[in-house]
Amino acid sequence: MKNFTLLFFILIFSSGAYAQKELYLKKEFIFKNDTLPYRILFPENYDKSKSYPLVLFLHGAGERGNDNESQLVHGSYLFTNPENRAKFPAIVIFPQCPKKGYWAPIQDRENGFSYVNTKKPTEPMRMVIRLIKAIQKNEAVDSKRMYVTGLSMGGMGTYDLVCRYPRMFAAAAPICGGVSIDRLKKIKKMPVRIYHGDADNVVSPEHSRNAYIELKAVGSQNVELFIFPGVGHDSWNSAFKQADFLSWIFSNKK
């Protein structure tokens, strides 16, 4: 009987989680011969006569592919939580990077990650930029309240995107990512919250510390660094548990 009860609650929880993911509509963005799978969540009672914040969420390397599902593994529940949906109505986009692609240009991994400062974005990022502009054009987006966050490879992509388009976004929240620090002067006026675990052996926390130090050095008064003691690469779980993770993002406006 106990096993049956446990199975019942597992099934109920699983079906609830699946139903929440299904709130994200499954879409494809096609440009010429390229296709970018993405999921999009619209606010409840979406009204195109109004305008809504837009949040772009960039997943990590482990969620790459073309199933248009895996990118929802981390973080998607934040925006489908009924309380958060009511408090922070927004258009939320989860694109999916191809299996062998990267959001940001990365040079090598011999002694950790090395970042390249190039004028040309990666092809997956180029598609993301096109997607954002298309959604801006076709949906009820408040252009003064556009935000980007991401974890690991997506944290790197978060830096890359805001450094390329510093005027597009009102705030950024990179998690366990990294960037070529000579690019950061471009975002010195942008509110940025950086998150990392100090026991991360995949992406060194020094990447985040160095980004913070550089932003402060170039005059940023809107950068904060959160280092979680004893936390490994999955620092996104600690970041998402911060009471003001979402409220801080949505509090910013250009």
# chains A, B, ... in the order shown; residues from 1 in each chain; ligands from 1

$ residues_around --residues "segment 49-55 of chain A" --least-positions-apart "4" --cutoff "9 Å" --atoms "only C-alpha atoms" --output "ChimeraX atom specification"
/A:43,88-94,136,139-149,250

$ write_last_selection --atoms "C-alpha atoms" --output "tab-separated table (two decimals), in the first residue's frame"
chain	number	residue	atom	x	y	z
A	43	PRO	CA	1.40	35.64	-19.97
A	88	PHE	CA	5.53	38.82	-13.21
A	89	PRO	CA	3.53	38.43	-16.43
A	90	ALA	CA	6.09	38.15	-19.22
A	91	ILE	CA	6.96	36.62	-22.56
A	92	VAL	CA	9.64	34.00	-21.88
A	93	ILE	CA	11.79	32.38	-24.57
A	94	PHE	CA	13.87	29.21	-24.27
A	136	GLN	CA	9.79	42.15	-30.83
A	139	GLU	CA	4.40	40.31	-30.23
A	140	ALA	CA	3.52	42.76	-27.47
A	141	VAL	CA	7.03	43.30	-26.13
A	142	ASP	CA	7.99	46.20	-23.88
A	143	SER	CA	11.34	47.15	-25.46
A	144	LYS	CA	12.38	48.90	-22.25
A	145	ARG	CA	12.04	45.70	-20.24
A	146	MET	CA	13.99	42.99	-22.02
A	147	TYR	CA	16.19	40.67	-19.95
A	148	VAL	CA	18.59	37.78	-20.49
A	149	THR	CA	19.83	35.08	-18.17
A	250	PHE	CA	11.88	42.51	-13.44

$ select_by_dssp --residues "segment 96-213 of chain A" --states "alpha helix (DSSP H)" --output "ChimeraX atom specification"
/A:123-138,153-164,205-213

$ write_last_selection --atoms "N, CA and C atoms" --output "short mmCIF file (atom, residue, chain, number, x, y, z; two decimals), in the first residue's frame"
data_model
loop_
_atom_site.label_atom_id
_atom_site.label_comp_id
_atom_site.auth_asym_id
_atom_site.auth_seq_id
_atom_site.Cartn_x
_atom_site.Cartn_y
_atom_site.Cartn_z
N GLU A 123 26.77 30.96 -35.05
CA GLU A 123 25.53 30.84 -35.82
C GLU A 123 24.30 30.64 -34.93
N PRO A 124 24.38 29.81 -33.86
CA PRO A 124 23.23 29.72 -32.96
C PRO A 124 22.86 31.07 -32.34
N MET A 125 23.87 31.86 -31.96
CA MET A 125 23.57 33.17 -31.39
C MET A 125 23.00 34.10 -32.44
N ARG A 126 23.49 34.01 -33.65
CA ARG A 126 22.94 34.83 -34.73
C ARG A 126 21.45 34.53 -34.91
N MET A 127 21.09 33.26 -34.81
CA MET A 127 19.69 32.88 -34.94
C MET A 127 18.85 33.39 -33.75
N VAL A 128 19.45 33.37 -32.57
CA VAL A 128 18.75 33.91 -31.39
C VAL A 128 18.47 35.40 -31.56
N ILE A 129 19.44 36.13 -32.07
CA ILE A 129 19.27 37.56 -32.29
C ILE A 129 18.14 37.81 -33.29
N ARG A 130 18.12 37.03 -34.35
CA ARG A 130 17.04 37.16 -35.35
C ARG A 130 15.69 36.83 -34.72
N LEU A 131 15.67 35.79 -33.89
CA LEU A 131 14.43 35.40 -33.22
C LEU A 131 13.90 36.51 -32.32
N ILE A 132 14.78 37.09 -31.51
CA ILE A 132 14.36 38.16 -30.60
C ILE A 132 13.77 39.33 -31.39
N LYS A 133 14.43 39.71 -32.47
CA LYS A 133 13.95 40.83 -33.26
C LYS A 133 12.59 40.52 -33.89
N ALA A 134 12.39 39.26 -34.31
CA ALA A 134 11.11 38.86 -34.88
C ALA A 134 10.00 38.90 -33.84
N ILE A 135 10.31 38.45 -32.63
CA ILE A 135 9.31 38.46 -31.56
C ILE A 135 9.00 39.90 -31.14
N GLN A 136 10.02 40.73 -31.10
CA GLN A 136 9.79 42.15 -30.83
C GLN A 136 8.81 42.76 -31.83
N LYS A 137 8.98 42.38 -33.06
CA LYS A 137 8.17 42.94 -34.14
C LYS A 137 6.74 42.42 -34.12
N ASN A 138 6.57 41.14 -33.76
CA ASN A 138 5.27 40.48 -33.93
C ASN A 138 4.47 40.30 -32.65
N MET A 153 27.17 27.31 -20.30
CA MET A 153 27.31 27.80 -21.67
C MET A 153 26.34 28.94 -21.93
N GLY A 154 25.18 28.89 -21.30
CA GLY A 154 24.19 29.96 -21.43
C GLY A 154 24.58 31.22 -20.67
N GLY A 155 25.38 31.06 -19.60
CA GLY A 155 25.93 32.22 -18.91
C GLY A 155 26.94 32.93 -19.80
N MET A 156 27.73 32.12 -20.52
CA MET A 156 28.67 32.69 -21.48
C MET A 156 27.91 33.40 -22.60
N GLY A 157 26.82 32.78 -23.03
CA GLY A 157 25.99 33.40 -24.06
C GLY A 157 25.33 34.68 -23.59
N THR A 158 24.99 34.73 -22.30
CA THR A 158 24.39 35.94 -21.73
C THR A 158 25.36 37.11 -21.85
N TYR A 159 26.60 36.89 -21.43
CA TYR A 159 27.62 37.93 -21.58
C TYR A 159 27.79 38.32 -23.05
N ASP A 160 27.91 37.31 -23.90
CA ASP A 160 28.16 37.57 -25.31
C ASP A 160 27.07 38.43 -25.92
N LEU A 161 25.83 38.11 -25.60
CA LEU A 161 24.70 38.82 -26.20
C LEU A 161 24.62 40.26 -25.74
N VAL A 162 24.77 40.50 -24.44
CA VAL A 162 24.65 41.88 -23.95
C VAL A 162 25.84 42.72 -24.38
N CYS A 163 27.00 42.08 -24.55
CA CYS A 163 28.16 42.84 -25.04
C CYS A 163 27.97 43.23 -26.50
N ARG A 164 27.25 42.42 -27.25
CA ARG A 164 26.96 42.74 -28.66
C ARG A 164 25.83 43.76 -28.77
N PRO A 205 35.08 29.53 -10.93
CA PRO A 205 34.48 30.76 -10.39
C PRO A 205 35.32 31.99 -10.64
N GLU A 206 36.60 31.79 -11.00
CA GLU A 206 37.46 32.94 -11.32
C GLU A 206 36.93 33.71 -12.52
N HIS A 207 36.23 33.03 -13.42
CA HIS A 207 35.64 33.73 -14.57
C HIS A 207 34.65 34.79 -14.09
N SER A 208 33.83 34.42 -13.11
CA SER A 208 32.84 35.36 -12.59
C SER A 208 33.49 36.43 -11.74
N ARG A 209 34.47 36.04 -10.92
CA ARG A 209 35.17 37.04 -10.10
C ARG A 209 35.87 38.06 -10.98
N ASN A 210 36.52 37.57 -12.04
CA ASN A 210 37.23 38.49 -12.94
C ASN A 210 36.27 39.43 -13.67
N ALA A 211 35.12 38.91 -14.06
CA ALA A 211 34.12 39.76 -14.72
C ALA A 211 33.63 40.85 -13.77
N TYR A 212 33.40 40.47 -12.53
CA TYR A 212 32.95 41.44 -11.52
C TYR A 212 34.02 42.51 -11.28
N ILE A 213 35.26 42.07 -11.10
CA ILE A 213 36.36 43.01 -10.85
C ILE A 213 36.52 43.98 -12.02
#

$ closest_residue --among "A:Ser247, A:Ser204, A:Ser220, A:Thr35" --to "Pro191 of chain A" --atoms "only C-alpha atoms"
A:Ser220

$ residues_around --residues "Trp248 of chain A" --least-positions-apart "5" --cutoff "12 Å" --atoms "only C-alpha atoms" --output "count of residues only"
16

$ residues_around --residues "segment 225-234 of chain A" --least-positions-apart "4" --cutoff "8 Å" --atoms "only C-alpha atoms" --output "list in words"
Ser152, Cys176, Arg193, Ile194, Tyr195, His196, Gly197, Asp198, Ala199, Asp200, Asn201, Val202, Val203, Pro205, Ser208, Arg209, Tyr212 and Ser238 of chain A

$ write_last_selection --atoms "N, CA and C atoms" --output "PDB file, in the first residue's frame"
ATOM      1  N   SER A 152      25.899  28.309 -17.276  1.00  0.00           N
ATOM      2  CA  SER A 152      27.046  27.628 -17.859  1.00  0.00           C
ATOM      3  C   SER A 152      27.302  28.147 -19.277  1.00  0.00           C
ATOM      4  N   CYS A 176      27.251  30.947 -13.577  1.00  0.00           N
ATOM      5  CA  CYS A 176      28.439  30.100 -13.800  1.00  0.00           C
ATOM      6  C   CYS A 176      28.928  30.175 -15.241  1.00  0.00           C
ATOM      7  N   ARG A 193      23.768  40.921 -12.456  1.00  0.00           N
ATOM      8  CA  ARG A 193      23.971  40.070 -11.295  1.00  0.00           C
ATOM      9  C   ARG A 193      24.671  38.795 -11.747  1.00  0.00           C
ATOM     10  N   ILE A 194      25.797  38.494 -11.121  1.00  0.00           N
ATOM     11  CA  ILE A 194      26.622  37.351 -11.492  1.00  0.00           C
ATOM     12  C   ILE A 194      26.538  36.301 -10.381  1.00  0.00           C
ATOM     13  N   TYR A 195      26.309  35.043 -10.772  1.00  0.00           N
ATOM     14  CA  TYR A 195      26.181  33.951  -9.803  1.00  0.00           C
ATOM     15  C   TYR A 195      27.183  32.843 -10.133  1.00  0.00           C
ATOM     16  N   HIS A 196      27.789  32.243  -9.085  1.00  0.00           N
ATOM     17  CA  HIS A 196      28.735  31.145  -9.307  1.00  0.00           C
ATOM     18  C   HIS A 196      28.940  30.380  -7.996  1.00  0.00           C
ATOM     19  N   GLY A 197      29.224  29.091  -8.107  1.00  0.00           N
ATOM     20  CA  GLY A 197      29.594  28.284  -6.953  1.00  0.00           C
ATOM     21  C   GLY A 197      31.107  28.260  -6.793  1.00  0.00           C
ATOM     22  N   ASP A 198      31.599  28.363  -5.566  1.00  0.00           N
ATOM     23  CA  ASP A 198      33.054  28.440  -5.391  1.00  0.00           C
ATOM     24  C   ASP A 198      33.739  27.081  -5.521  1.00  0.00           C
ATOM     25  N   ALA A 199      32.950  25.995  -5.637  1.00  0.00           N
ATOM     26  CA  ALA A 199      33.528  24.663  -5.821  1.00  0.00           C
ATOM     27  C   ALA A 199      33.288  24.145  -7.243  1.00  0.00           C
ATOM     28  N   ASP A 200      33.023  25.047  -8.160  1.00  0.00           N
ATOM     29  CA  ASP A 200      32.751  24.669  -9.548  1.00  0.00           C
ATOM     30  C   ASP A 200      34.040  24.183 -10.214  1.00  0.00           C
ATOM     31  N   ASN A 201      34.055  22.914 -10.646  1.00  0.00           N
ATOM     32  CA  ASN A 201      35.240  22.378 -11.322  1.00  0.00           C
ATOM     33  C   ASN A 201      35.019  22.206 -12.824  1.00  0.00           C
ATOM     34  N   VAL A 202      33.936  22.786 -13.335  1.00  0.00           N
ATOM     35  CA  VAL A 202      33.661  22.766 -14.772  1.00  0.00           C
ATOM     36  C   VAL A 202      33.974  24.130 -15.380  1.00  0.00           C
ATOM     37  N   VAL A 203      33.355  25.161 -14.823  1.00  0.00           N
ATOM     38  CA  VAL A 203      33.657  26.542 -15.206  1.00  0.00           C
ATOM     39  C   VAL A 203      34.171  27.235 -13.944  1.00  0.00           C
ATOM     40  N   PRO A 205      35.084  29.531 -10.925  1.00  0.00           N
ATOM     41  CA  PRO A 205      34.476  30.756 -10.392  1.00  0.00           C
ATOM     42  C   PRO A 205      35.325  31.994 -10.642  1.00  0.00           C
ATOM     43  N   SER A 208      33.834  34.417 -13.111  1.00  0.00           N
ATOM     44  CA  SER A 208      32.840  35.360 -12.590  1.00  0.00           C
ATOM     45  C   SER A 208      33.493  36.434 -11.735  1.00  0.00           C
ATOM     46  N   ARG A 209      34.470  36.038 -10.924  1.00  0.00           N
ATOM     47  CA  ARG A 209      35.171  37.037 -10.101  1.00  0.00           C
ATOM     48  C   ARG A 209      35.869  38.062 -10.982  1.00  0.00           C
ATOM     49  N   TYR A 212      33.397  40.470 -12.527  1.00  0.00           N
ATOM     50  CA  TYR A 212      32.951  41.442 -11.519  1.00  0.00           C
ATOM     51  C   TYR A 212      34.023  42.514 -11.284  1.00  0.00           C
ATOM     52  N   SER A 238      21.114  27.232  -6.655  1.00  0.00           N
ATOM     53  CA  SER A 238      21.262  28.219  -5.580  1.00  0.00           C
ATOM     54  C   SER A 238      20.797  29.590  -6.028  1.00  0.00           C
TER      55      SER A 238
END

$ select_by_dssp --residues "segment 64-254 of chain A" --states "strand (DSSP E or B)" --output "PyMOL selection string"
chain A and resi 91-95+106-108+110+112+114-115+141-151+171-175+192-197+223-228
